[in-house]
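Below: the structure, in structure tokens.
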Amino acid sequence: MTSGLKALGLKAIGIVAAAALMAAAPARAQQGEIRVGEINSYSTLPGFTDPYRKGMELALKEINDAGGIRGQKLVVISKDDAGKPGDALTAANELVSRDRVALLAGGFLSNVGLALSDFARQKKVLYLASEPLTDALVWSKGNDYTFRLRTSNYMQAAMLAEEAARLPAKRWATVAPNYEYGQSFVAVFRELLTKKRPDVEFVAEQWPPLGKIDAGPVLQAIDAAKPDAILNATFAADLVKFVREGNTRGVFKNRAVVSYLTGEPEYLDPLKDETPEGWIVTGYPWYGIDTPEHKAFLDAYRALHNDYPRLGSIIGYSTVRSVAALLERATDTSTEALIEAAKNLEVNTPFGPIVYRAGDHQSTLGAYVGRTGIVDGKGVMVDFAFRKGADYLPPEEEAAKLRPRN
């Protein structure tokens with residue numbers, strides 16, 4: 001896994017441990033502050049986690065400038081998990097036992113998120129999963145201590161399957177990284193699309209290892225199966241290799257492509273004018289969102305960082321905003337009080353208000369669905385529309401039945 005992540009081709013970044021807002025703190029919390037432990041894949045996935053950290057910094061600044069949490073300063077202590085569950089567990093242990101944090105947050109890879117969720121269950125500490133996408137996190141392996149912010153595999157698969165069902169395509173091929181995220185996304189997309197279109201068939205599957213895709217043989221196998229359409233779930237450097245090789249071989253010509261996450265700036269920006277046009281994607285068209293809440297976020301983000309946001313920025317910002325709303329609502333910082341406060345918690349985000357459902361601990365954060373295009377030599381999303389997360393989740397009572405019995 002480590003070598004695979006290094007092969008993503010992303011330049012590692014250091015975590016500024018001494019930064020004013022995100023500083024590693026001494027073992028005892030200072031009087032007048034509330035500590036939150038945060039864990040993410042900073043050194044292995046900086047393309048997402050650097051904007052994510054900047055989003056957290058903006059939210060922290062806004063919250064503390066406004067007086068903090070009932071007059072107490074909110075402090076986030078961040079640690080790097082290097083994309084490995086074992087490192088994430090070591091970090092979590094340190095944050096809980098040494099740094100005495102009130103709760104844990106973060107996570108990127110789904111397998112890391114599941115490890116942190118199980119840690120939270122065993123240690124009886126609340127964990128707010130920021131980014132991990134697997135549905136197991138809140139359903140088949142859900143527990144009382146874990147809540148999830150990000151629009152899940154099921155939710156985004158439902159959005160994309162809705163679009164895919166309108167295509168004339170009947171024969172589908174899939175390609176996804178061979179770990180929890182990719183496996184679970186392909187499974188749920190197949191299930192949802194087949195329900196809408198019983199006439200479709202899946203004629204080929206490719207499972208490259210994360211960060212180590214050999215794009216030539218993968219695309220050759222897909223092309224040989226003669227699909228009408230392709231479902232792609234690769235991302236980061238794997239996506240760049242997949243697109244370049246596919247463009248060279250003409251595999252995408254006269255074929256529909258549905259591509260998960262590809263509309264996010266983190267993944268479109270590196271493609272530049274190599275971006276295939278017309279792919280159906282989920283993503284974040286920051287340049288075209290005209291809502292008051294997003295405009296306020298965009299202006300504040302640019303003022304602080306002199307840069308435009310990525311999807312990671314939205315998730316980092318909304319994570320800290322969720323933590324602050326949770327702490328404001330809770331009667332105290334005990335785990336029991338935090339869990340009760342998290343149920344049906346309402347939070348304002350740059351995408352609008354969301355709710356953390358009591359039934360399955362999943363937030364109703366939505367996503368943008370559109371198509372890829374090229375403008376001024378750069379990959380962008382076009383013809384996009386926002387999809388409300390609540391519209392793509394099963395009813396709470398049904399979702400609750402998917403969770404283990406306590």
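Each chain in the structure tokens gets a letter, A, B and so on, in the order shown; residues start at 1 in every chain, and ligands are counted from 1 in the order they appear.
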Closest-contact table, range 271-332 of chain A side, partner range 362-385 of chain A, 6 Å, counting only C-alpha atoms, as CSV:
```
residue,atom,partner,partner_atom,distance
A:Lys272,CA,A:Lys378,CA,4.3
A:Asp273,CA,A:Gly377,CA,4.8
A:Thr275,CA,A:Gly379,CA,5.3
A:Glu277,CA,A:Gly373,CA,4.6
A:Gly278,CA,A:Thr372,CA,5.1
A:Trp279,CA,A:Arg371,CA,5.1
A:Ile280,CA,A:Arg371,CA,4.5
A:Val281,CA,A:Gly370,CA,5.6
A:Thr282,CA,A:Val369,CA,4.5
A:Gly283,CA,A:Tyr368,CA,5.5
A:Pro285,CA,A:Met381,CA,5.8
```
How about saving the chosen residues, C-alpha atoms kept, as a PDB file, in the first residue's frame?
```pdb
ATOM      1  CA  LYS A 272      -5.224  20.399 -18.541  1.00  0.00           C
ATOM      2  CA  ASP A 273      -5.981  20.197 -22.286  1.00  0.00           C
ATOM      3  CA  THR A 275      -9.141  16.330 -20.407  1.00  0.00           C
ATOM      4  CA  GLU A 277     -14.741  16.055 -23.224  1.00  0.00           C
ATOM      5  CA  GLY A 278     -18.237  14.853 -22.437  1.00  0.00           C
ATOM      6  CA  TRP A 279     -17.529  12.450 -19.567  1.00  0.00           C
ATOM      7  CA  ILE A 280     -20.294  12.313 -16.956  1.00  0.00           C
ATOM      8  CA  VAL A 281     -18.671  13.156 -13.620  1.00  0.00           C
ATOM      9  CA  THR A 282     -19.154  14.258 -10.040  1.00  0.00           C
ATOM     10  CA  GLY A 283     -16.993  17.167  -8.963  1.00  0.00           C
ATOM     11  CA  PRO A 285     -17.097  23.584 -10.368  1.00  0.00           C
TER      12      PRO A 285
END
```
Wanna dump the range 240-328 of chain A-range 47-50 of chain A contacts at 12 Å for me, each residue with its shortest atom pair and the distance in Å to one decimal, counting only C-alpha atoms, ordered by chain and number, as a Markdown table?
```
| residue | atom | partner | partner_atom | distance |
| --- | --- | --- | --- | --- |
| A:Leu261 | CA | A:Phe48 | CA | 11.8 |
| A:Glu264 | CA | A:Phe48 | CA | 9.6 |
| A:Pro265 | CA | A:Phe48 | CA | 9.3 |
| A:Glu266 | CA | A:Gly47 | CA | 5.9 |
| A:Tyr267 | CA | A:Gly47 | CA | 8.3 |
| A:Leu268 | CA | A:Gly47 | CA | 11.2 |
| A:Asp269 | CA | A:Gly47 | CA | 10.1 |
| A:Pro270 | CA | A:Gly47 | CA | 9.9 |
| A:His305 | CA | A:Asp50 | CA | 11.5 |
| A:Asp307 | CA | A:Asp50 | CA | 11.8 |
| A:Pro309 | CA | A:Asp50 | CA | 10.4 |
| A:Arg310 | CA | A:Phe48 | CA | 7.7 |
| A:Leu311 | CA | A:Phe48 | CA | 7.6 |
| A:Gly312 | CA | A:Phe48 | CA | 5.2 |
| A:Ser313 | CA | A:Phe48 | CA | 8.1 |
| A:Ile314 | CA | A:Phe48 | CA | 10.6 |
| A:Ile315 | CA | A:Thr49 | CA | 9.6 |
| A:Gly316 | CA | A:Thr49 | CA | 8.4 |
| A:Tyr317 | CA | A:Thr49 | CA | 11.7 |
```
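The nearest approach to Pro353 in chain A among the residues A:Leu109, A:Ala325, A:Ala229, A:Ala341, with only C-alpha atoms taken into account, belongs to A:Ala325.
Going from CA of Lys212 in chain A to CA of Ala158 in chain A covers 27.9 Å.
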At a cut-off of 9 Å, using only C-alpha atoms, what residues contact range 169-178 of chain A? Leave out same-chain residues fewer than 4 positions from it and give the result as JSON, numbers by chain.
{"A": [164, 165, 182, 183, 185, 186, 197, 199, 200, 201, 202, 203, 204, 205, 206, 207, 208, 209, 210, 211, 213, 218, 222, 223, 225, 226, 227, 228, 229, 230, 231, 232, 233, 234, 235, 238, 255, 256]}
Any chance you could list, as a PDB file with N, CA and C atoms, in the first residue's frame, the residues in range 101-321 of chain A that come up strand (DSSP E or B) when DSSP is run on the backbone?
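Here's the written file out.pdb:
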```
ATOM      1  N   LEU A 104     -12.150  12.815  17.518  1.00  0.00           N
ATOM      2  CA  LEU A 104     -11.277  12.620  16.364  1.00  0.00           C
ATOM      3  C   LEU A 104     -12.022  12.994  15.085  1.00  0.00           C
ATOM      4  N   ALA A 105     -11.274  13.429  14.080  1.00  0.00           N
ATOM      5  CA  ALA A 105     -11.858  13.750  12.782  1.00  0.00           C
ATOM      6  C   ALA A 105     -10.843  13.414  11.695  1.00  0.00           C
ATOM      7  N   GLY A 106     -11.303  13.450  10.434  1.00  0.00           N
ATOM      8  CA  GLY A 106     -10.389  13.288   9.302  1.00  0.00           C
ATOM      9  C   GLY A 106     -10.532  11.958   8.588  1.00  0.00           C
ATOM     10  N   TYR A 127     -15.775   9.826  16.411  1.00  0.00           N
ATOM     11  CA  TYR A 127     -14.973  10.024  15.203  1.00  0.00           C
ATOM     12  C   TYR A 127     -15.850  10.602  14.107  1.00  0.00           C
ATOM     13  N   LEU A 128     -15.490  11.789  13.631  1.00  0.00           N
ATOM     14  CA  LEU A 128     -16.159  12.406  12.493  1.00  0.00           C
ATOM     15  C   LEU A 128     -15.318  12.146  11.249  1.00  0.00           C
ATOM     16  N   ALA A 129     -15.751  11.205  10.422  1.00  0.00           N
ATOM     17  CA  ALA A 129     -15.025  10.845   9.204  1.00  0.00           C
ATOM     18  C   ALA A 129     -15.262  11.928   8.156  1.00  0.00           C
ATOM     19  N   THR A 146     -19.247   6.706  15.256  1.00  0.00           N
ATOM     20  CA  THR A 146     -18.763   7.216  13.969  1.00  0.00           C
ATOM     21  C   THR A 146     -19.865   7.927  13.189  1.00  0.00           C
ATOM     22  N   PHE A 147     -19.547   9.133  12.725  1.00  0.00           N
ATOM     23  CA  PHE A 147     -20.406   9.914  11.839  1.00  0.00           C
ATOM     24  C   PHE A 147     -19.594  10.264  10.598  1.00  0.00           C
ATOM     25  N   ARG A 148     -20.266  10.444   9.455  1.00  0.00           N
ATOM     26  CA  ARG A 148     -19.528  10.717   8.225  1.00  0.00           C
ATOM     27  C   ARG A 148     -20.071  11.970   7.530  1.00  0.00           C
ATOM     28  N   ARG A 171     -23.742  -2.380 -22.846  1.00  0.00           N
ATOM     29  CA  ARG A 171     -22.568  -3.154 -22.428  1.00  0.00           C
ATOM     30  C   ARG A 171     -21.596  -2.227 -21.690  1.00  0.00           C
ATOM     31  N   TRP A 172     -21.283  -2.574 -20.449  1.00  0.00           N
ATOM     32  CA  TRP A 172     -20.449  -1.721 -19.610  1.00  0.00           C
ATOM     33  C   TRP A 172     -19.168  -2.435 -19.192  1.00  0.00           C
ATOM     34  N   ALA A 173     -18.076  -1.667 -19.149  1.00  0.00           N
ATOM     35  CA  ALA A 173     -16.815  -2.120 -18.555  1.00  0.00           C
ATOM     36  C   ALA A 173     -16.507  -1.205 -17.378  1.00  0.00           C
ATOM     37  N   THR A 174     -15.803  -1.722 -16.375  1.00  0.00           N
ATOM     38  CA  THR A 174     -15.474  -0.929 -15.199  1.00  0.00           C
ATOM     39  C   THR A 174     -13.981  -0.986 -14.915  1.00  0.00           C
ATOM     40  N   VAL A 175     -13.458   0.100 -14.346  1.00  0.00           N
ATOM     41  CA  VAL A 175     -12.080   0.136 -13.877  1.00  0.00           C
ATOM     42  C   VAL A 175     -12.055   0.940 -12.584  1.00  0.00           C
ATOM     43  N   GLU A 201     -25.550  -5.053 -19.205  1.00  0.00           N
ATOM     44  CA  GLU A 201     -24.664  -6.120 -18.743  1.00  0.00           C
ATOM     45  C   GLU A 201     -23.265  -5.563 -18.568  1.00  0.00           C
ATOM     46  N   PHE A 202     -22.536  -6.139 -17.630  1.00  0.00           N
ATOM     47  CA  PHE A 202     -21.168  -5.718 -17.365  1.00  0.00           C
ATOM     48  C   PHE A 202     -20.231  -6.769 -17.937  1.00  0.00           C
ATOM     49  N   VAL A 203     -19.446  -6.355 -18.939  1.00  0.00           N
ATOM     50  CA  VAL A 203     -18.705  -7.313 -19.751  1.00  0.00           C
ATOM     51  C   VAL A 203     -17.221  -7.369 -19.415  1.00  0.00           C
ATOM     52  N   ALA A 204     -16.738  -6.445 -18.597  1.00  0.00           N
ATOM     53  CA  ALA A 204     -15.314  -6.456 -18.249  1.00  0.00           C
ATOM     54  C   ALA A 204     -15.089  -5.675 -16.958  1.00  0.00           C
ATOM     55  N   GLU A 205     -14.162  -6.146 -16.119  1.00  0.00           N
ATOM     56  CA  GLU A 205     -13.754  -5.455 -14.901  1.00  0.00           C
ATOM     57  C   GLU A 205     -12.241  -5.396 -14.848  1.00  0.00           C
ATOM     58  N   GLN A 206     -11.701  -4.250 -14.494  1.00  0.00           N
ATOM     59  CA  GLN A 206     -10.270  -4.099 -14.301  1.00  0.00           C
ATOM     60  C   GLN A 206     -10.040  -3.513 -12.909  1.00  0.00           C
ATOM     61  N   ALA A 229     -19.993   1.524 -22.960  1.00  0.00           N
ATOM     62  CA  ALA A 229     -19.694   2.574 -21.992  1.00  0.00           C
ATOM     63  C   ALA A 229     -18.700   2.055 -20.957  1.00  0.00           C
ATOM     64  N   ILE A 230     -18.015   2.990 -20.304  1.00  0.00           N
ATOM     65  CA  ILE A 230     -16.996   2.661 -19.303  1.00  0.00           C
ATOM     66  C   ILE A 230     -17.316   3.397 -18.010  1.00  0.00           C
ATOM     67  N   LEU A 231     -17.240   2.682 -16.906  1.00  0.00           N
ATOM     68  CA  LEU A 231     -17.310   3.300 -15.580  1.00  0.00           C
ATOM     69  C   LEU A 231     -15.894   3.364 -15.032  1.00  0.00           C
ATOM     70  N   ASN A 232     -15.430   4.565 -14.701  1.00  0.00           N
ATOM     71  CA  ASN A 232     -14.075   4.755 -14.186  1.00  0.00           C
ATOM     72  C   ASN A 232     -14.117   5.317 -12.775  1.00  0.00           C
ATOM     73  N   ALA A 256     -19.419   6.195 -24.228  1.00  0.00           N
ATOM     74  CA  ALA A 256     -19.748   7.024 -23.069  1.00  0.00           C
ATOM     75  C   ALA A 256     -18.830   6.634 -21.913  1.00  0.00           C
ATOM     76  N   VAL A 257     -18.452   7.615 -21.117  1.00  0.00           N
ATOM     77  CA  VAL A 257     -17.648   7.356 -19.921  1.00  0.00           C
ATOM     78  C   VAL A 257     -18.306   8.052 -18.746  1.00  0.00           C
ATOM     79  N   VAL A 258     -18.541   7.285 -17.698  1.00  0.00           N
ATOM     80  CA  VAL A 258     -19.004   7.821 -16.419  1.00  0.00           C
ATOM     81  C   VAL A 258     -17.831   7.711 -15.469  1.00  0.00           C
ATOM     82  N   SER A 259     -17.411   8.833 -14.884  1.00  0.00           N
ATOM     83  CA  SER A 259     -16.151   8.857 -14.152  1.00  0.00           C
ATOM     84  C   SER A 259     -16.331   9.522 -12.786  1.00  0.00           C
ATOM     85  N   TYR A 260     -16.212   8.723 -11.759  1.00  0.00           N
ATOM     86  CA  TYR A 260     -16.423   9.142 -10.373  1.00  0.00           C
ATOM     87  C   TYR A 260     -15.312  10.074  -9.911  1.00  0.00           C
ATOM     88  N   LEU A 261     -15.677  11.212  -9.332  1.00  0.00           N
ATOM     89  CA  LEU A 261     -14.759  12.196  -8.728  1.00  0.00           C
ATOM     90  C   LEU A 261     -13.963  13.016  -9.736  1.00  0.00           C
ATOM     91  N   THR A 262     -14.016  12.679 -11.020  1.00  0.00           N
ATOM     92  CA  THR A 262     -13.110  13.274 -12.003  1.00  0.00           C
ATOM     93  C   THR A 262     -13.354  14.764 -12.197  1.00  0.00           C
ATOM     94  N   GLY A 263     -14.527  15.263 -11.837  1.00  0.00           N
ATOM     95  CA  GLY A 263     -14.792  16.686 -11.965  1.00  0.00           C
ATOM     96  C   GLY A 263     -14.230  17.531 -10.843  1.00  0.00           C
ATOM     97  N   ILE A 280     -19.358  12.018 -18.044  1.00  0.00           N
ATOM     98  CA  ILE A 280     -20.294  12.313 -16.956  1.00  0.00           C
ATOM     99  C   ILE A 280     -19.543  12.129 -15.643  1.00  0.00           C
ATOM    100  N   VAL A 281     -19.521  13.173 -14.811  1.00  0.00           N
ATOM    101  CA  VAL A 281     -18.671  13.156 -13.620  1.00  0.00           C
ATOM    102  C   VAL A 281     -19.380  13.789 -12.419  1.00  0.00           C
ATOM    103  N   THR A 282     -18.879  13.464 -11.235  1.00  0.00           N
ATOM    104  CA  THR A 282     -19.154  14.258 -10.040  1.00  0.00           C
ATOM    105  C   THR A 282     -17.929  15.125  -9.798  1.00  0.00           C
ATOM    106  N   GLY A 283     -18.133  16.283  -9.178  1.00  0.00           N
ATOM    107  CA  GLY A 283     -16.993  17.167  -8.963  1.00  0.00           C
ATOM    108  C   GLY A 283     -17.359  18.458  -8.272  1.00  0.00           C
TER     109      GLY A 283
END
```
